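Quick notes on the structure that follows.
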Amino acid sequence: MLQAKVAVVRQAGAPFQIETVEIDAPRAGEVLVKIAATGICHTDMYAQGLAGLAFPAPVVLGHEGAGVVEAVGEGVTKVQVGDHVVLTFNSCGRCLNCEDGAPAYCQSFMPLNMGGVRADGSTTMRQNGTPIHGGFFGQSSFGTYALAYERNVVKVPKDVPLELLGPLGCGLQTGAGSIMNALRPEVGSSIAIFGTGAVGMAAIMAARAIGCGTIIGVDVKPNRLELARELGATHVINAAEVDPVQAIRELTGGGVRYSLEATGITKVMRQAVDVLVPRGVCGIVGLPAPQAELALDANLVLFGRTVRGIIEGESVPDIFIPALVELYKQGRFPFDRLIRKFPFDQINEAMHASESGEVLKPILVM
Ligand code: CXF
Ligand code: ZN
């Protein structure tokens with residue numbers, strides 16, 4: 001057992017409070033990581049808003065941690081003390097989807113990543129004997145230490161700045177993997193990306209890296225659209241100024257072969273389907289509001305169009321995260337352009353900067 005400084009959310013919508021907790025020594029299969037830095041992803045804000053309602057509270061969130069292995073539990077062989085690791089989503093490794101190489105669709109995804117406790121019901125942290133929920137995405141990385149699992153730690157090389165790498169564990173692999181693992185557009189093909197936050201930008205960089213021909217970024221914020229262009233969009237559309245469906249149809253002479261929806265807004269999801277040519281494929285990665293329903297033009301779907309959800313870029317993290325690090329080193333996935341660093345104790349300011357759209361990917365440095 002050791003002490004850690006963590007950011008606690010005590011009730012729905014309450015700000016993060018930096019507090020001291022006791023964190024367990026790693027049990028069998030667990031890995032204790034000294035966090036160097038952690039990204040902030042919109043799912044953290046989503047969970048903050050539902051703490052004590054859909055998620056347990058008090059809780060420590062954070063799911064884009066990067067750090068150094070401090071200790072390993074019994075039976076852990078994948079990493080050793082001193083290794084640099086990125087923390088990603090957790091999965092069971094035993095269900096049909098995990099066995100089939102699709103851990104993002106682990107049949108125990110929700111309890112393992114959002115349950116707030118270990119499989120046996122115990123919490124990994126406490127404060128003067130009172131349980132504090134953790135294990136968010138198998139990590140709870142908003143802290144100086146995080147307890148993760150052998151399944152969701154990914155070893156990364158030591159010749160890249162560790163502080164930058166946390167977002168590869170969620171937002172960046174979600175965007176890049178949606179292109180490289182899930183949609184797999186052909187070289188020269190056309191794609192429209194709706195929403196140019198961190199996920200959409202990662203998708204744009206990936207689309208460029210694999211040789212898409214026409215890459216259209218759609219957003220309502222001019223500063224983001226400008227960056228989208230620099231990162232690989234061949235065209236950008238401000239949906240606050242023009243109807244993006246009409247604009248994309250005109251620009252492409254009928255529509256795009258692929259689209260990716262990264263806003264979570266159902267009206268935008270429909271637009272992302274409406275811009276497809278027959279046989280086109282739309283990937284949905286934005287997190288919709290609870291119980292949101294999606295209305296589509298049924299006749300458009302009839303003509304061979306596909307609409308499909310994508311979780312975590314359908315990544316096999318042990319393979320895909322090191323691949324993205326390699327692309328970064330080659331200058332072909334310059335995700336550092338999205339990042340602004342904040343000291344850990346400015347976590348609430350960092351959240352606001354992300355929500356306002358001012359910062360694409362905040363990183364909290366411990
Ligand atoms: C999440 C989105 C909500 C479902 C699980 C995966 N992705 C990342 O934050
Ligand atoms: Zn996330």
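Every chain in the structure tokens has a letter given in the order shown (A, B, ...), and although residue numbers restart at 1 in each chain, ligands are simply numbered from 1 in the order shown.
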Using only C-alpha atoms and all ligand atoms, which protein or nucleic acid residues are at most 12 Å from ligand 1, as a PyMOL selection string?
-> chain A and resi 39-47+61-64+88-91+103-106+108-114+136-137+167-175+178+198-199+262-264+284-290+309-315
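If you count only C-alpha atoms and ignore residues fewer than 4 places along the chain from A:Pro334, what sits within 9 Å of it is Ala202, Met205, Leu231, Leu327, Tyr328, Lys329, Gln330 and Leu338 of chain A.
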Find the distance between atom CA of A:Thr20 and atom CA of A:Asp345 and write it in Å to one decimal.
-> 12.7 Å
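Here atom CA of A:Gly232 is placed at a distance of 10.3 Å from atom CA of A:Gly213.
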Would you mind writing down, as JSON, numbers by chain, each residue of stretch 241-283 of chain A that DSSP on the backbone assigns to alpha helix (DSSP H)?
-> {"A": [244, 245, 246, 247, 248, 249, 250, 251, 252, 266, 267, 268, 269, 270, 271, 272, 273, 274]}
If you count only C-alpha atoms, which residues fall within 10 Å of A:Gly93, apart from same-chain ones fewer than 5 positions away, as a list in words?
->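 Returned residues: Cys98, Glu99, Asp100, Gly101, Ala102, Pro103, Cys106, Gln107, Ser108 and Arg151 of chain A.
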Shell around A:Val76 at 10 Å using only C-alpha atoms, local window under 3 positions removed, as an mmCIF file with C-alpha atoms, in the first residue's frame:
data_model
loop_
_atom_site.group_PDB
_atom_site.id
_atom_site.type_symbol
_atom_site.label_atom_id
_atom_site.label_comp_id
_atom_site.auth_asym_id
_atom_site.auth_seq_id
_atom_site.Cartn_x
_atom_site.Cartn_y
_atom_site.Cartn_z
ATOM 1 C CA ARG A 27 -2.291 -8.118 -6.758
ATOM 2 C CA ALA A 28 -1.911 -11.025 -9.201
ATOM 3 C CA GLY A 29 -2.133 -9.718 -12.772
ATOM 4 C CA GLU A 30 -2.000 -6.053 -11.694
ATOM 5 C CA VAL A 31 0.622 -3.436 -12.521
ATOM 6 C CA ALA A 71 5.743 -2.725 -9.283
ATOM 7 C CA VAL A 72 4.121 -5.789 -10.787
ATOM 8 C CA GLY A 73 1.825 -8.355 -9.205
ATOM 9 C CA VAL A 79 6.258 -5.664 -18.390
ATOM 10 C CA GLN A 80 8.962 -5.123 -15.791
ATOM 11 C CA TYR A 149 -3.686 -4.678 -15.340
ATOM 12 C CA GLU A 150 -1.315 -6.720 -17.453
ATOM 13 C CA ARG A 151 -3.967 -6.662 -20.223
#
Would you list, as an MDAnalysis selection string, the residues of stretch 112-299 of chain A that end up in strand (DSSP E or B) under DSSP run on this structure's backbone?
-> chainID A and resid 125:127 130:133 143 145:149 153:155 190:194 214:219 235:238 256:261 276:284
Using only C-alpha atoms, which residues sit within 9 Å of A:Leu294 once same-chain residues fewer than 5 positions away are excluded, as a VMD selection string?
-> chain A and resid 266 to 267 269 to 270
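Closest approach to ligand 2 from the set A:Ser190, A:Ser140, A:Thr130, A:Thr124 is made by A:Ser140, with distances taken over only C-alpha atoms and all ligand atoms.
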Residues within 8 Å of stretch 354-365 of chain A, only C-alpha atoms, excluding chain neighbours under 6 positions, as an mmCIF file with all heavy atoms, in the first residue's frame:
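Full text of part_8.cif as output:
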data_model
loop_
_atom_site.group_PDB
_atom_site.id
_atom_site.type_symbol
_atom_site.label_atom_id
_atom_site.label_comp_id
_atom_site.auth_asym_id
_atom_site.auth_seq_id
_atom_site.Cartn_x
_atom_site.Cartn_y
_atom_site.Cartn_z
ATOM 1 N N ALA A 36 3.378 9.629 -15.284
ATOM 2 C CA ALA A 36 4.164 10.800 -15.690
ATOM 3 C C ALA A 36 3.214 11.896 -16.148
ATOM 4 O O ALA A 36 3.371 13.066 -15.794
ATOM 5 C CB ALA A 36 5.114 10.423 -16.825
ATOM 6 N N ALA A 37 2.214 11.504 -16.925
ATOM 7 C CA ALA A 37 1.235 12.464 -17.463
ATOM 8 C C ALA A 37 0.027 11.685 -17.950
ATOM 9 O O ALA A 37 0.116 10.482 -18.209
ATOM 10 C CB ALA A 37 1.851 13.257 -18.610
ATOM 11 N N THR A 38 -1.085 12.405 -18.068
ATOM 12 C CA THR A 38 -2.289 11.731 -18.545
ATOM 13 C C THR A 38 -3.108 12.686 -19.406
ATOM 14 O O THR A 38 -3.215 13.875 -19.085
ATOM 15 C CB THR A 38 -3.123 11.191 -17.356
ATOM 16 O OG1 THR A 38 -4.306 10.578 -17.851
ATOM 17 C CG2 THR A 38 -3.530 12.279 -16.388
ATOM 18 N N GLY A 39 -3.643 12.172 -20.490
ATOM 19 C CA GLY A 39 -4.512 12.983 -21.337
ATOM 20 C C GLY A 39 -5.894 13.104 -20.718
ATOM 21 O O GLY A 39 -6.255 12.367 -19.796
ATOM 22 N N ILE A 40 -6.649 14.068 -21.229
ATOM 23 C CA ILE A 40 -8.062 14.206 -20.851
ATOM 24 C C ILE A 40 -8.876 13.913 -22.096
ATOM 25 O O ILE A 40 -8.590 14.431 -23.177
ATOM 26 C CB ILE A 40 -8.358 15.635 -20.350
ATOM 27 C CG1 ILE A 40 -7.650 15.883 -19.017
ATOM 28 C CG2 ILE A 40 -9.864 15.859 -20.210
ATOM 29 C CD1 ILE A 40 -7.823 17.300 -18.474
ATOM 30 N N CYS A 41 -9.890 13.042 -21.944
ATOM 31 C CA CYS A 41 -10.747 12.657 -23.066
ATOM 32 C C CYS A 41 -12.183 13.035 -22.680
ATOM 33 O O CYS A 41 -12.504 13.143 -21.490
ATOM 34 C CB CYS A 41 -10.588 11.156 -23.293
ATOM 35 S SG CYS A 41 -11.860 10.358 -24.267
ATOM 36 N N GLU A 163 5.713 11.801 -21.594
ATOM 37 C CA GLU A 163 4.621 12.721 -21.225
ATOM 38 C C GLU A 163 3.589 12.918 -22.332
ATOM 39 O O GLU A 163 2.455 13.270 -22.063
ATOM 40 C CB GLU A 163 5.202 14.104 -20.876
ATOM 41 C CG GLU A 163 5.796 14.168 -19.507
ATOM 42 C CD GLU A 163 6.264 15.585 -19.165
ATOM 43 O OE1 GLU A 163 6.061 16.502 -19.974
ATOM 44 O OE2 GLU A 163 6.842 15.737 -18.079
ATOM 45 N N LEU A 164 4.015 12.715 -23.569
ATOM 46 C CA LEU A 164 3.096 12.964 -24.691
ATOM 47 C C LEU A 164 2.207 11.776 -25.011
ATOM 48 O O LEU A 164 1.220 11.910 -25.729
ATOM 49 C CB LEU A 164 3.899 13.278 -25.968
ATOM 50 C CG LEU A 164 4.702 14.559 -26.016
ATOM 51 C CD1 LEU A 164 5.391 14.670 -27.380
ATOM 52 C CD2 LEU A 164 3.797 15.766 -25.790
ATOM 53 N N PRO A 167 -2.453 9.952 -24.564
ATOM 54 C CA PRO A 167 -3.635 9.980 -25.428
ATOM 55 C C PRO A 167 -3.657 8.892 -26.502
ATOM 56 O O PRO A 167 -4.714 8.618 -27.090
ATOM 57 C CB PRO A 167 -3.566 11.381 -26.064
ATOM 58 C CG PRO A 167 -2.840 12.201 -25.042
ATOM 59 C CD PRO A 167 -1.800 11.270 -24.469
ATOM 60 N N GLY A 197 -12.221 17.493 -33.380
ATOM 61 C CA GLY A 197 -11.576 17.460 -32.063
ATOM 62 C C GLY A 197 -10.384 16.505 -32.173
ATOM 63 O O GLY A 197 -9.941 16.167 -33.274
ATOM 64 N N ALA A 198 -9.896 16.049 -31.035
ATOM 65 C CA ALA A 198 -8.704 15.191 -31.054
ATOM 66 C C ALA A 198 -8.947 13.908 -31.845
ATOM 67 O O ALA A 198 -8.087 13.456 -32.606
ATOM 68 C CB ALA A 198 -8.278 14.869 -29.628
ATOM 69 N N LEU A 338 -1.676 18.630 -31.342
ATOM 70 C CA LEU A 338 -2.994 18.764 -30.702
ATOM 71 C C LEU A 338 -2.890 19.109 -29.218
ATOM 72 O O LEU A 338 -3.884 19.434 -28.578
ATOM 73 C CB LEU A 338 -3.765 17.442 -30.823
ATOM 74 C CG LEU A 338 -3.830 16.795 -32.209
ATOM 75 C CD1 LEU A 338 -4.586 15.470 -32.138
ATOM 76 C CD2 LEU A 338 -4.502 17.727 -33.198
ATOM 77 N N ILE A 339 -1.686 18.984 -28.672
ATOM 78 C CA ILE A 339 -1.522 18.927 -27.207
ATOM 79 C C ILE A 339 -1.199 20.273 -26.569
ATOM 80 O O ILE A 339 -0.432 21.058 -27.108
ATOM 81 C CB ILE A 339 -0.399 17.895 -26.888
ATOM 82 C CG1 ILE A 339 -0.960 16.477 -27.117
ATOM 83 C CG2 ILE A 339 0.128 18.073 -25.466
ATOM 84 C CD1 ILE A 339 0.074 15.397 -27.105
ATOM 85 N N ARG A 340 -1.814 20.507 -25.407
ATOM 86 C CA ARG A 340 -1.324 21.557 -24.505
ATOM 87 C C ARG A 340 -1.177 20.938 -23.116
ATOM 88 O O ARG A 340 -2.082 20.260 -22.631
ATOM 89 C CB ARG A 340 -2.254 22.759 -24.440
ATOM 90 C CG ARG A 340 -1.550 23.921 -23.698
ATOM 91 C CD ARG A 340 -2.469 25.060 -23.325
ATOM 92 N NE ARG A 340 -2.975 25.775 -24.478
ATOM 93 C CZ ARG A 340 -3.905 26.747 -24.374
ATOM 94 N NH1 ARG A 340 -4.407 27.067 -23.194
ATOM 95 N NH2 ARG A 340 -4.342 27.348 -25.458
ATOM 96 N N LYS A 341 -0.030 21.192 -22.479
ATOM 97 C CA LYS A 341 0.226 20.617 -21.155
ATOM 98 C C LYS A 341 -0.264 21.548 -20.053
ATOM 99 O O LYS A 341 -0.128 22.768 -20.157
ATOM 100 C CB LYS A 341 1.734 20.386 -20.970
ATOM 101 C CG LYS A 341 2.306 19.316 -21.875
ATOM 102 C CD LYS A 341 3.774 19.112 -21.536
ATOM 103 C CE LYS A 341 4.444 18.234 -22.576
ATOM 104 N NZ LYS A 341 5.899 18.151 -22.352
ATOM 105 N N PHE A 342 -0.816 20.939 -19.008
ATOM 106 C CA PHE A 342 -1.245 21.664 -17.804
ATOM 107 C C PHE A 342 -0.640 20.939 -16.599
ATOM 108 O O PHE A 342 -0.568 19.716 -16.596
ATOM 109 C CB PHE A 342 -2.774 21.607 -17.633
ATOM 110 C CG PHE A 342 -3.565 22.371 -18.655
ATOM 111 C CD1 PHE A 342 -3.803 21.847 -19.921
ATOM 112 C CD2 PHE A 342 -4.096 23.606 -18.341
ATOM 113 C CE1 PHE A 342 -4.549 22.552 -20.863
ATOM 114 C CE2 PHE A 342 -4.844 24.320 -19.262
ATOM 115 C CZ PHE A 342 -5.072 23.794 -20.533
ATOM 116 N N PRO A 343 -0.274 21.706 -15.524
ATOM 117 C CA PRO A 343 0.120 20.999 -14.296
ATOM 118 C C PRO A 343 -1.105 20.271 -13.720
ATOM 119 O O PRO A 343 -2.241 20.718 -13.905
ATOM 120 C CB PRO A 343 0.602 22.107 -13.360
ATOM 121 C CG PRO A 343 0.276 23.402 -14.006
ATOM 122 C CD PRO A 343 -0.168 23.163 -15.415
ATOM 123 N N PHE A 344 -0.875 19.156 -13.042
ATOM 124 C CA PHE A 344 -1.971 18.311 -12.527
ATOM 125 C C PHE A 344 -2.993 19.121 -11.733
ATOM 126 O O PHE A 344 -4.204 18.935 -11.873
ATOM 127 C CB PHE A 344 -1.368 17.193 -11.664
ATOM 128 C CG PHE A 344 -2.373 16.229 -11.098
ATOM 129 C CD1 PHE A 344 -3.475 15.821 -11.828
ATOM 130 C CD2 PHE A 344 -2.194 15.701 -9.812
ATOM 131 C CE1 PHE A 344 -4.395 14.909 -11.300
ATOM 132 C CE2 PHE A 344 -3.102 14.795 -9.281
ATOM 133 C CZ PHE A 344 -4.210 14.408 -10.020
ATOM 134 N N GLN A 346 -4.080 21.917 -12.114
ATOM 135 C CA GLN A 346 -4.982 22.756 -12.932
ATOM 136 C C GLN A 346 -5.954 21.904 -13.737
ATOM 137 O O GLN A 346 -6.365 22.265 -14.840
ATOM 138 C CB GLN A 346 -4.162 23.658 -13.855
ATOM 139 C CG GLN A 346 -3.634 24.879 -13.117
ATOM 140 C CD GLN A 346 -2.819 25.767 -14.019
ATOM 141 O OE1 GLN A 346 -3.014 25.818 -15.226
ATOM 142 N NE2 GLN A 346 -1.862 26.460 -13.411
ATOM 143 N N ILE A 347 -6.329 20.778 -13.175
ATOM 144 C CA ILE A 347 -7.196 19.830 -13.894
ATOM 145 C C ILE A 347 -8.533 20.463 -14.276
ATOM 146 O O ILE A 347 -9.020 20.271 -15.387
ATOM 147 C CB ILE A 347 -7.377 18.518 -13.088
ATOM 148 C CG1 ILE A 347 -8.305 17.559 -13.844
ATOM 149 C CG2 ILE A 347 -7.866 18.752 -11.677
ATOM 150 C CD1 ILE A 347 -8.335 16.148 -13.282
#
So what do you get for atom CA of A:Glu74 versus atom CA of A:Gly121, distance-wise?
->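 Here the two named atoms are 19.5 Å from each other.
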Quick one: contact table of stretch 197-243 of chain A to stretch 249-252 of chain A, 12 Å max, nearest atom pair and distance in Å to one decimal per residue, counting only C-alpha atoms, chain and number order, as a tab-separated table?
residue	atom	partner	partner_atom	distance
A:Gly213	CA	A:Thr252	CA	11.1
A:Thr214	CA	A:Thr252	CA	8.3
A:Ile215	CA	A:Thr252	CA	10.5
A:Ile216	CA	A:Leu251	CA	9.5
A:Thr234	CA	A:Leu251	CA	11.2
A:His235	CA	A:Leu251	CA	8.9
A:Val236	CA	A:Leu251	CA	10.6
A:Ile237	CA	A:Leu251	CA	10.3
A:Val242	CA	A:Glu250	CA	11.9
A:Asp243	CA	A:Arg249	CA	10.2
Of the candidates A:Ile191, A:Ala292, A:Ala148, A:Leu87, which shows the shortest atom-to-atom distance to ligand 2, using only C-alpha atoms and all ligand atoms?
->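 Of all the options, A:Leu87 lies closest to ligand 2.
The smallest atom-to-atom distance between ligand 2 and any of A:Val33, A:Val275, A:Ser141, A:Arg308, using only C-alpha atoms and all ligand atoms, is found for A:Ser141.
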For ligand 2, the nearest of the candidates A:Ala207, A:Gly65, A:Ala247, A:Pro322, counting only C-alpha atoms and all ligand atoms | A:Gly65
